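Visitor: Got a file for you: coords.csv, CSV, C-alpha atoms.
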chain,number,residue,atom,x,y,z
A,13,MET,CA,91.4,61.4,-37.2
A,14,LYS,CA,93.6,64.2,-38.5
A,15,VAL,CA,97.2,64.0,-37.2
A,16,LEU,CA,100.0,66.5,-37.6
A,17,GLY,CA,103.4,64.8,-38.0
A,18,ILE,CA,106.7,66.5,-37.2
A,19,GLU,CA,110.1,65.1,-38.2
A,20,THR,CA,113.3,66.7,-36.9
A,21,SER,CA,115.7,63.8,-36.2
A,22,CYS,CA,118.7,65.1,-38.2
A,23,ASP,CA,119.0,67.7,-40.9
A,24,GLU,CA,115.6,67.8,-42.5
A,25,THR,CA,112.5,69.5,-41.2
A,26,GLY,CA,109.4,67.6,-42.2
A,27,VAL,CA,105.7,68.4,-41.5
A,28,ALA,CA,102.6,66.6,-42.8
A,29,VAL,CA,98.9,66.0,-42.0
A,30,TYR,CA,97.6,62.5,-42.3
A,31,ASP,CA,93.8,61.8,-42.1
A,32,THR,CA,92.8,58.3,-41.2
A,33,GLN,CA,89.7,58.7,-43.4
A,34,SER,CA,91.1,60.4,-46.5
A,35,GLY,CA,94.9,59.7,-46.4
A,36,LEU,CA,97.7,62.2,-46.7
A,37,ARG,CA,96.3,65.7,-46.8
A,38,ALA,CA,99.5,67.8,-47.1
A,39,HIS,CA,103.2,67.6,-46.5
A,40,ALA,CA,106.2,70.0,-46.6
A,41,LEU,CA,110.0,69.5,-46.3
A,42,TYR,CA,112.9,71.7,-45.7
A,43,SER,CA,116.4,70.3,-46.3
A,44,GLN,CA,119.5,71.7,-44.6
A,45,ILE,CA,121.9,70.3,-47.3
A,46,ALA,CA,123.2,73.8,-48.3
A,47,LEU,CA,123.8,74.7,-44.6
A,48,HIS,CA,126.0,71.7,-43.9
A,49,ALA,CA,127.7,71.4,-47.3
A,50,GLU,CA,130.7,73.5,-46.4
A,51,TYR,CA,131.4,71.3,-43.5
A,52,GLY,CA,131.1,68.1,-45.4
A,53,GLY,CA,128.6,66.6,-43.0
A,54,VAL,CA,125.9,67.5,-40.5
A,55,VAL,CA,126.8,69.9,-37.6
A,56,PRO,CA,124.4,69.0,-34.8
A,57,GLU,CA,124.2,72.5,-33.2
A,58,LEU,CA,123.5,74.1,-36.6
A,59,ALA,CA,120.9,71.5,-37.4
A,60,SER,CA,119.0,72.2,-34.1
A,61,ARG,CA,119.0,76.0,-34.7
A,62,ASP,CA,117.7,75.6,-38.2
A,63,HIS,CA,114.9,73.4,-37.0
A,64,VAL,CA,113.9,76.2,-34.6
A,65,ARG,CA,113.8,78.7,-37.5
A,66,LYS,CA,111.9,76.5,-40.0
A,67,LEU,CA,109.5,74.3,-38.1
A,68,LEU,CA,106.7,76.7,-37.2
A,69,PRO,CA,106.5,78.3,-40.7
A,70,LEU,CA,106.4,74.8,-42.2
A,71,VAL,CA,103.5,73.9,-39.8
A,72,ARG,CA,101.6,76.9,-40.9
A,73,GLU,CA,102.3,76.1,-44.6
A,74,THR,CA,101.2,72.5,-44.2
A,75,LEU,CA,98.0,73.3,-42.4
A,76,ARG,CA,97.2,75.9,-45.1
A,77,GLU,CA,97.8,73.4,-47.9
A,78,ALA,CA,95.6,70.9,-46.1
A,79,GLY,CA,92.8,73.5,-45.7
A,80,LEU,CA,92.8,73.0,-41.9
A,81,ARG,CA,93.1,75.1,-38.8
A,82,THR,CA,95.0,74.0,-35.7
A,83,SER,CA,91.7,73.4,-34.0
A,84,ASP,CA,90.8,70.8,-36.6
A,85,LEU,CA,93.7,68.5,-35.5
A,86,ASP,CA,92.9,65.4,-33.5
A,87,GLY,CA,96.4,64.6,-32.5
A,88,VAL,CA,100.1,65.3,-33.0
A,89,ALA,CA,102.9,62.9,-33.7
A,90,TYR,CA,106.6,63.7,-33.6
A,91,THR,CA,109.9,61.8,-34.0
A,92,ALA,CA,111.2,61.0,-30.5
A,93,GLY,CA,114.3,59.1,-31.6
A,94,PRO,CA,116.7,57.8,-32.7
A,95,GLY,CA,118.5,60.9,-33.8
A,96,LEU,CA,120.4,64.0,-32.8
A,97,VAL,CA,119.2,64.9,-29.3
A,98,GLY,CA,119.1,68.7,-29.9
A,99,ALA,CA,117.2,68.3,-33.2
A,100,LEU,CA,114.8,65.8,-31.6
A,101,LEU,CA,114.0,68.2,-28.7
A,102,VAL,CA,113.0,71.0,-31.1
A,103,GLY,CA,110.3,68.8,-32.7
A,104,ALA,CA,109.2,67.3,-29.4
A,105,GLY,CA,108.9,70.7,-27.7
A,106,VAL,CA,106.8,72.1,-30.5
A,107,ALA,CA,104.6,69.0,-30.8
A,108,ARG,CA,104.0,68.7,-27.1
A,109,SER,CA,103.2,72.4,-26.8
A,110,MET,CA,100.7,72.3,-29.6
A,111,ALA,CA,99.0,69.1,-28.2
A,112,TRP,CA,98.8,70.7,-24.7
A,113,ALA,CA,97.3,74.0,-26.1
A,114,LEU,CA,94.8,72.1,-28.3
A,115,ASP,CA,94.0,69.5,-25.7
A,116,VAL,CA,94.7,66.6,-28.0
A,117,PRO,CA,96.9,63.6,-27.5
A,118,ALA,CA,100.5,63.5,-28.7
A,119,ILE,CA,102.8,60.5,-29.3
A,120,GLY,CA,106.5,60.1,-29.9
A,121,VAL,CA,107.3,58.0,-33.0
A,122,HIS,CA,110.3,55.8,-33.5
A,123,HIS,CA,112.1,57.3,-36.6
A,124,MET,CA,112.8,53.9,-38.1
A,125,GLU,CA,109.3,52.7,-37.6
A,126,GLY,CA,108.3,55.7,-39.6
A,127,HIS,CA,110.6,54.6,-42.4
A,128,LEU,CA,109.4,51.0,-42.1
A,129,LEU,CA,105.7,52.1,-42.5
A,130,ALA,CA,106.4,54.6,-45.3
A,131,PRO,CA,105.6,52.0,-48.0
A,132,LEU,CA,102.2,51.5,-46.4
A,133,LEU,CA,101.5,55.3,-46.5
A,134,GLU,CA,99.8,55.1,-49.9
A,135,ASP,CA,98.0,52.4,-51.8
A,136,ASP,CA,99.7,50.6,-54.6
A,137,PRO,CA,97.4,51.2,-57.6
A,138,GLU,CA,97.8,47.6,-58.7
A,139,ARG,CA,98.1,45.6,-55.5
A,140,GLY,CA,97.1,47.8,-52.6
A,141,ARG,CA,99.1,48.1,-49.4
A,142,PRO,CA,101.2,45.3,-48.2
A,143,GLU,CA,100.0,43.6,-45.0
A,144,PRO,CA,102.1,41.9,-42.3
A,145,PRO,CA,103.7,39.6,-42.0
A,146,PHE,CA,106.5,40.7,-44.3
A,147,VAL,CA,110.3,41.4,-44.3
A,148,ALA,CA,111.5,45.0,-44.2
A,149,LEU,CA,114.8,46.3,-45.5
A,150,LEU,CA,115.6,49.6,-43.8
A,151,VAL,CA,118.5,51.0,-45.7
A,152,SER,CA,119.8,54.6,-45.2
A,153,GLY,CA,122.8,56.6,-44.2
A,154,GLY,CA,122.5,55.6,-40.6
A,155,HIS,CA,120.9,52.1,-40.7
A,156,THR,CA,121.0,48.9,-42.7
A,157,GLN,CA,118.7,46.4,-41.1
A,158,LEU,CA,116.5,43.4,-42.1
A,159,VAL,CA,113.4,43.2,-39.9
A,160,HIS,CA,110.7,40.5,-39.8
A,161,VAL,CA,107.4,42.5,-39.3
A,162,GLU,CA,105.0,40.1,-37.7
A,163,ALA,CA,102.5,42.9,-37.1
A,164,ILE,CA,102.6,46.6,-36.7
A,165,GLY,CA,104.7,47.2,-33.6
A,166,ARG,CA,106.0,43.6,-33.4
A,167,TYR,CA,109.4,43.6,-35.0
A,168,ARG,CA,112.2,41.0,-35.0
A,169,LEU,CA,115.6,41.9,-36.1
A,170,LEU,CA,117.0,39.5,-38.6
A,171,GLY,CA,120.3,41.2,-39.5
A,172,GLU,CA,122.1,44.5,-39.4
A,173,THR,CA,125.3,46.2,-40.5
A,174,LEU,CA,128.4,45.5,-38.4
A,175,ASP,CA,130.0,48.7,-39.4
A,176,ASP,CA,129.1,51.3,-42.1
A,177,ALA,CA,125.4,51.5,-43.2
A,178,ALA,CA,124.9,51.2,-46.9
A,179,GLY,CA,124.0,54.9,-47.3
A,180,GLU,CA,127.1,55.9,-45.2
A,181,ALA,CA,129.3,53.8,-47.4
A,182,PHE,CA,127.8,55.6,-50.5
A,183,ASP,CA,128.6,58.9,-48.9
A,184,LYS,CA,132.1,58.0,-47.8
A,185,THR,CA,133.0,56.4,-51.1
A,186,ALA,CA,131.8,59.5,-52.9
A,187,LYS,CA,133.9,61.7,-50.7
A,188,LEU,CA,137.1,59.8,-51.2
A,189,MET,CA,136.6,60.2,-55.0
A,190,GLY,CA,136.1,63.9,-54.6
A,191,LEU,CA,132.3,64.2,-55.2
A,192,PRO,CA,130.5,67.0,-53.5
A,193,TYR,CA,128.3,66.7,-50.4
A,194,PRO,CA,125.9,64.9,-50.1
A,195,GLY,CA,127.9,62.3,-51.9
A,196,GLY,CA,125.5,59.3,-52.1
A,197,PRO,CA,123.1,60.7,-54.7
A,198,GLN,CA,126.0,62.1,-56.6
A,199,LEU,CA,127.7,58.7,-56.8
A,200,ALA,CA,124.5,57.0,-57.9
A,201,ALA,CA,124.0,59.5,-60.7
A,202,LEU,CA,127.6,59.0,-61.7
A,203,ALA,CA,127.2,55.2,-61.8
A,204,GLU,CA,124.6,55.7,-64.5
A,205,GLN,CA,127.5,56.7,-66.8
A,206,GLY,CA,129.8,53.8,-65.7
A,207,ARG,CA,130.4,50.6,-67.6
A,208,PRO,CA,129.3,47.4,-65.8
A,209,GLY,CA,132.1,44.9,-65.0
A,210,VAL,CA,135.1,47.2,-65.5
A,211,PHE,CA,135.6,47.2,-61.8
A,212,ARG,CA,134.2,44.2,-59.8
A,213,PHE,CA,134.3,44.5,-56.1
A,214,ALA,CA,133.5,41.8,-53.5
A,215,ARG,CA,129.9,41.2,-52.3
A,216,PRO,CA,130.7,41.4,-48.6
A,217,MET,CA,129.6,38.6,-46.3
A,218,THR,CA,127.5,36.8,-49.0
A,219,ASP,CA,129.9,33.8,-49.0
A,220,ARG,CA,128.9,32.8,-45.5
A,221,PRO,CA,125.5,32.2,-43.8
A,222,GLY,CA,123.7,34.9,-41.9
A,223,LEU,CA,121.9,38.1,-42.6
A,224,ASP,CA,124.3,40.7,-41.2
A,225,PHE,CA,126.1,43.3,-43.5
A,226,SER,CA,129.5,44.9,-43.6
A,227,PHE,CA,130.4,47.6,-46.1
A,228,SER,CA,133.7,49.1,-44.6
A,229,GLY,CA,135.9,46.6,-46.5
A,230,LEU,CA,134.1,47.4,-49.8
A,231,LYS,CA,134.9,51.1,-49.2
A,232,THR,CA,138.6,50.1,-48.8
A,233,GLN,CA,138.6,48.2,-52.1
A,234,VAL,CA,137.2,51.3,-53.8
A,235,LEU,CA,139.9,53.5,-52.2
A,236,LEU,CA,142.7,51.2,-53.5
A,237,ALA,CA,141.2,51.1,-57.0
A,238,TRP,CA,140.9,54.8,-57.0
A,239,GLN,CA,144.4,55.4,-55.8
A,240,GLY,CA,145.8,53.0,-58.4
A,241,SER,CA,143.9,54.6,-61.3
A,242,ASP,CA,144.5,57.7,-63.4
A,243,ARG,CA,141.5,59.3,-61.6
A,244,GLY,CA,139.9,60.5,-64.8
A,245,ASP,CA,136.2,61.1,-65.3
A,246,ALA,CA,135.6,57.7,-67.1
A,247,VAL,CA,137.4,55.8,-64.4
A,248,ARG,CA,135.5,57.6,-61.7
A,249,ALA,CA,132.2,56.6,-63.3
A,250,ASP,CA,133.3,53.0,-63.8
A,251,ILE,CA,134.4,52.7,-60.1
A,252,ALA,CA,131.0,54.2,-59.1
A,253,ARG,CA,129.2,51.6,-61.1
A,254,GLY,CA,131.3,48.8,-59.7
A,255,PHE,CA,130.6,50.0,-56.2
A,256,GLU,CA,126.9,50.5,-56.7
A,257,ASP,CA,126.6,47.0,-58.3
A,258,ALA,CA,128.4,45.5,-55.3
A,259,VAL,CA,126.1,47.1,-52.8
A,260,VAL,CA,122.9,46.3,-54.8
A,261,ASP,CA,123.8,42.7,-55.3
A,262,THR,CA,124.7,42.3,-51.6
A,263,LEU,CA,121.4,43.8,-50.5
A,264,SER,CA,119.5,41.6,-52.9
A,265,ILE,CA,121.2,38.4,-51.8
A,266,LYS,CA,120.6,39.2,-48.1
A,267,CYS,CA,116.9,40.1,-48.8
A,268,GLU,CA,116.3,36.8,-50.5
A,269,ARG,CA,117.8,34.9,-47.6
A,270,ALA,CA,115.7,37.0,-45.2
A,271,LEU,CA,112.5,36.1,-47.0
A,272,ASP,CA,113.4,32.4,-46.9
A,273,ALA,CA,114.3,32.7,-43.2
A,274,ALA,CA,111.0,34.4,-42.3
A,275,GLY,CA,108.9,32.3,-44.6
A,276,CYS,CA,107.5,35.4,-46.4
A,277,ASP,CA,107.0,36.5,-50.0
A,278,THR,CA,106.5,40.2,-49.4
A,279,LEU,CA,109.4,42.6,-49.0
A,280,VAL,CA,109.1,46.3,-48.2
A,281,VAL,CA,112.0,48.7,-48.6
A,282,ALA,CA,112.5,52.1,-47.0
A,283,GLY,CA,115.1,54.6,-46.2
A,284,GLY,CA,117.2,57.0,-48.4
A,285,VAL,CA,119.0,54.2,-50.3
A,286,GLY,CA,115.5,52.8,-51.2
A,287,ALA,CA,115.3,55.5,-53.8
A,288,ASN,CA,118.2,54.0,-55.8
A,289,LYS,CA,116.9,53.0,-59.2
A,290,ARG,CA,119.2,50.0,-59.7
A,291,LEU,CA,118.3,48.6,-56.2
A,292,ARG,CA,114.6,49.0,-57.0
A,293,ALA,CA,114.9,47.1,-60.3
A,294,LYS,CA,117.0,44.3,-58.7
A,295,LEU,CA,114.7,43.7,-55.8
A,296,ASP,CA,111.6,43.8,-58.1
A,297,GLU,CA,113.2,41.2,-60.3
A,298,MET,CA,114.2,39.0,-57.4
A,299,THR,CA,110.7,39.1,-55.7
A,300,ARG,CA,108.9,38.5,-59.0
A,301,LYS,CA,110.9,35.4,-59.7
A,302,ARG,CA,109.8,34.1,-56.3
A,303,GLY,CA,106.2,34.8,-57.0
A,304,GLY,CA,106.2,37.6,-54.4
A,305,ARG,CA,106.2,41.3,-54.3
A,306,VAL,CA,108.3,44.3,-53.2
A,307,SER,CA,106.9,47.7,-52.1
A,308,PHE,CA,108.7,51.0,-52.0
A,309,PRO,CA,107.5,54.4,-50.9
A,310,ARG,CA,107.6,57.3,-53.4
A,311,PRO,CA,111.2,58.4,-53.7
A,312,GLN,CA,110.4,61.6,-51.9
A,313,PHE,CA,109.2,59.6,-48.9
A,314,CYS,CA,112.4,57.4,-48.8
A,315,THR,CA,114.4,60.2,-47.2
A,316,ASP,CA,113.3,61.7,-43.8
A,317,ASN,CA,109.9,63.3,-44.0
A,318,GLY,CA,106.9,64.3,-41.9
A,319,ALA,CA,104.4,62.1,-43.8
A,320,MET,CA,105.8,58.9,-42.5
A,321,ILE,CA,105.7,60.2,-38.9
A,322,ALA,CA,102.1,61.5,-39.3
A,323,TYR,CA,101.1,58.0,-40.6
A,324,ALA,CA,102.9,56.0,-38.0
A,325,GLY,CA,101.6,58.3,-35.3
A,326,ALA,CA,98.0,58.1,-36.6
A,327,LEU,CA,98.1,54.3,-36.4
A,328,ARG,CA,99.1,54.4,-32.8
A,329,LEU,CA,96.8,57.3,-31.8
A,330,ALA,CA,93.9,55.5,-33.4
A,331,ALA,CA,94.7,52.4,-31.3
A,332,GLY,CA,94.5,54.6,-28.1
A,333,GLN,CA,98.2,54.9,-27.5
A,334,HIS,CA,99.7,58.3,-26.5
A,335,GLY,CA,102.2,59.8,-24.1
A,336,ASP,CA,102.0,62.1,-21.1
A,337,LEU,CA,102.8,65.8,-21.2
A,338,ALA,CA,106.5,65.5,-20.6
A,339,VAL,CA,108.9,66.4,-23.4
A,340,ARG,CA,111.1,63.3,-23.8
A,341,VAL,CA,113.3,62.1,-26.6
A,342,THR,CA,115.3,58.9,-27.0
A,343,PRO,CA,118.5,59.4,-29.1
A,344,ARG,CA,119.2,55.7,-29.0
A,345,TRP,CA,116.1,53.5,-29.2
A,346,ASP,CA,115.7,49.8,-29.9
A,347,MET,CA,112.7,49.3,-32.2
A,348,ALA,CA,112.1,45.8,-30.7
A,349,THR,CA,110.9,47.5,-27.5
A,350,LEU,CA,107.9,49.2,-29.1
A,351,GLU,CA,104.4,48.4,-28.1
A,352,ALA,CA,102.3,46.4,-30.6
A,353,VAL,CA,99.4,48.3,-32.3
A,354,VAL,CA,96.1,46.7,-31.4
A,355,HIS,CA,93.0,48.5,-32.5
A,356,GLY,CA,90.0,48.4,-30.3
A,357,SER,CA,92.1,48.0,-27.2
If you took the structure in this file and wrote it as structure tokens, what would it be?

Guide:
Amino acid sequence: MKVLGIETSCDETGVAVYDTQSGLRAHALYSQIALHAEYGGVVPELASRDHVRKLLPLVRETLREAGLRTSDLDGVAYTAGPGLVGALLVGAGVARSMAWALDVPAIGVHHMEGHLLAPLLEDDPERGRPEPPFVALLVSGGHTQLVHVEAIGRYRLLGETLDDAAGEAFDKTAKLMGLPYPGGPQLAALAEQGRPGVFRFARPMTDRPGLDFSFSGLKTQVLLAWQGSDRGDAVRADIARGFEDAVVDTLSIKCERALDAAGCDTLVVAGGVGANKRLRAKLDEMTRKRGGRVSFPRPQFCTDNGAMIAYAGALRLAAGQHGDLAVRVTPRWDMATLEAVVHGS
């Protein structure tokens, strides 16, 4: 089954083709970073308009790279939520129109399920793809969640952030220190130059039981340290390193607790912060010591992309699931409400 995937939940336009026989055939991504940079954040109306301009050219480019025509497609998957309602409607409208014209099924995919399944998109050359049950850490600008994955489509929330998501905390901390938009990747790069231990910030909510997160207080600690410093380049790098170490340690501690709570040895990590090099190293070390494993997607598939939507959609379409002809999106959508994937049903 050859499935076209479309991702337009926020400020990146992603398109991909996934083949259930041969794997990922092609993918393309257009980022709106330059468009939103002057505003210091995503402007929803501008994001929607840019998706309108970029989506169909990306579909044509992706099909050409895959060596396919539209008539070769067996299904269409698109992000139906969560996300910005206007941006979601662009992808949903195009996907449903194509599916109707081609007389193939279409399915709306949960954006976070796409991220959760991204580590399963490609085989690990050493150990293959992880199989449920496992614990998933979904860590991005909008979400920080620990999920027990009992099976594809059966998800139990173990813990989540009570305020800022980890990626959001990276972005806001970068902004308060004067780093350009988008700040998270800039701060991570700066932390590479910082000295460990010069600034040590709290590991929030690790001194109490539970699997929830909170990063707003950590952001305040950084602000106070920054305001009380000489604000030079060396201090900026040292503060960035102290902040990153605090976030990485907190995520690692909570992940280990989640593995214990779920009785699992396998951890999968997805979302934009999953590309962070120090986080990857820390979680790999932690799971190896336990005799387990951790799986990450390729860094390019940590951020929003069409490949994860094509893959998640292909799993559900292959199981006989699909929607009707209506164009519907769900800007707020609880992943626990999803239907389980049962092949042969």

Visitor: Find the residue from A:Thr156, A:Thr173, A:Thr185, A:Ser21 that sits nearest to Gly284 of chain A; use only C-alpha atoms when measuring.

Guide: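 The answer is A:Thr156, which sits nearest to Gly284 of chain A.
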
Visitor: Could you check which residues have any atom within 9 Å of (98.5, 66.4, -47.9), counting all atoms listed in the file with coordinates taken straight from the file, and then list them as a list in words?

Guide: Ala28, Val29, Tyr30, Asp31, Gly35, Leu36, Arg37, Ala38, His39, Ala40, Thr74, Leu75, Glu77, Ala78 and Ala319 of chain A

Visitor: Write out the residues from the selection above, keeping C-alpha atoms, as a PDB file, in the frame of the given file.

Guide:
ATOM      1  CA  ALA A  28     102.600  66.600 -42.800  1.00  0.00           C
ATOM      2  CA  VAL A  29      98.900  66.000 -42.000  1.00  0.00           C
ATOM      3  CA  TYR A  30      97.600  62.500 -42.300  1.00  0.00           C
ATOM      4  CA  ASP A  31      93.800  61.800 -42.100  1.00  0.00           C
ATOM      5  CA  GLY A  35      94.900  59.700 -46.400  1.00  0.00           C
ATOM      6  CA  LEU A  36      97.700  62.200 -46.700  1.00  0.00           C
ATOM      7  CA  ARG A  37      96.300  65.700 -46.800  1.00  0.00           C
ATOM      8  CA  ALA A  38      99.500  67.800 -47.100  1.00  0.00           C
ATOM      9  CA  HIS A  39     103.200  67.600 -46.500  1.00  0.00           C
ATOM     10  CA  ALA A  40     106.200  70.000 -46.600  1.00  0.00           C
ATOM     11  CA  THR A  74     101.200  72.500 -44.200  1.00  0.00           C
ATOM     12  CA  LEU A  75      98.000  73.300 -42.400  1.00  0.00           C
ATOM     13  CA  GLU A  77      97.800  73.400 -47.900  1.00  0.00           C
ATOM     14  CA  ALA A  78      95.600  70.900 -46.100  1.00  0.00           C
ATOM     15  CA  ALA A 319     104.400  62.100 -43.800  1.00  0.00           C
TER      16      ALA A 319
END

Visitor: Using only C-alpha atoms, can you tell me which of A:Leu230, A:Ala186, A:Ala249, A:Ala49 comes closest to Gly209 of chain A?

Guide: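 When distances to Gly209 of chain A are compared using only C-alpha atoms, the smallest one comes from A:Ala249.
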
Visitor: Tell me, as a ChimeraX atom specification, which residues lie within 10 Å of Gly52 of chain A, counting only C-alpha atoms; anything in the same chain fewer than 5 positions away does not count.

Guide: /A:45,47,187,192-195

Visitor: Taking only C-alpha atoms into account, produce a table as JSON lines in which each residue of segment 220-327 of chain A with an atom at most 12 Å from an atom of segment 91-101 of chain A appears once, together with its shortest atom pair and the distance in Å to one decimal, ordered by chain and rising number.

Guide:
{"residue": "A:Asp316", "atom": "CA", "partner": "A:Thr91", "partner_atom": "CA", "distance": 10.4}
{"residue": "A:Asn317", "atom": "CA", "partner": "A:Thr91", "partner_atom": "CA", "distance": 10.1}
{"residue": "A:Gly318", "atom": "CA", "partner": "A:Thr91", "partner_atom": "CA", "distance": 8.8}
{"residue": "A:Ala319", "atom": "CA", "partner": "A:Thr91", "partner_atom": "CA", "distance": 11.2}
{"residue": "A:Met320", "atom": "CA", "partner": "A:Thr91", "partner_atom": "CA", "distance": 9.9}
{"residue": "A:Ile321", "atom": "CA", "partner": "A:Thr91", "partner_atom": "CA", "distance": 6.6}
{"residue": "A:Ala322", "atom": "CA", "partner": "A:Thr91", "partner_atom": "CA", "distance": 9.4}
{"residue": "A:Tyr323", "atom": "CA", "partner": "A:Thr91", "partner_atom": "CA", "distance": 11.6}
{"residue": "A:Ala324", "atom": "CA", "partner": "A:Thr91", "partner_atom": "CA", "distance": 9.9}
{"residue": "A:Gly325", "atom": "CA", "partner": "A:Thr91", "partner_atom": "CA", "distance": 9.1}

Visitor: Have a look at atom CA of Val247 of chain A and atom CA of Gly196 of chain A and let me know their distance in Å, one decimal.

Guide: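 Here the two named atoms are 17.5 Å from each other.
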
Visitor: Restricting the calculation to only C-alpha atoms: of A:Ile18, A:Met189, A:Val151, A:Val102, which residue gets closest to Leu70 of chain A?

Guide: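 The answer is A:Ile18, which sits nearest to Leu70 of chain A.
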
Visitor: Just checking: using all atoms listed in the file, which residue out of A:Asn288, A:Thr20, A:Thr32, A:Thr349 ends up closest to Ala203 of chain A?

Guide: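 Comparing A:Asn288, A:Thr20, A:Thr32, A:Thr349 against Ala203 of chain A, the winner is A:Asn288.
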
Visitor: Counting only C-alpha atoms, which residues come within 10 Å of (106.6, 51.1, -25.3), with the point read in the file's coordinates, and could you list them as a PyMOL selection string?

Guide: chain A and resi 165+333+335+347-352

Visitor: Considering all atoms listed in the file, can you say which of A:Arg292, A:Arg300, A:Arg166, A:Lys184 comes closest to Gly153 of chain A?

Guide: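 Among A:Arg292, A:Arg300, A:Arg166, A:Lys184, it is A:Lys184 that comes nearest to Gly153 of chain A.
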
Visitor: Quick one: of A:Pro343, A:Pro311, A:Gly53, A:Pro144, who's nearest to Ala282 of chain A, counting only C-alpha atoms?

Guide: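 The shortest atom-to-atom distance to Ala282 of chain A comes from A:Pro311.
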
Visitor: State, in Å with one decimal place, the distance from atom CA of Val54 of chain A to atom CA of Arg248 of chain A.

Guide: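 These two atoms are separated by 25.3 Å.
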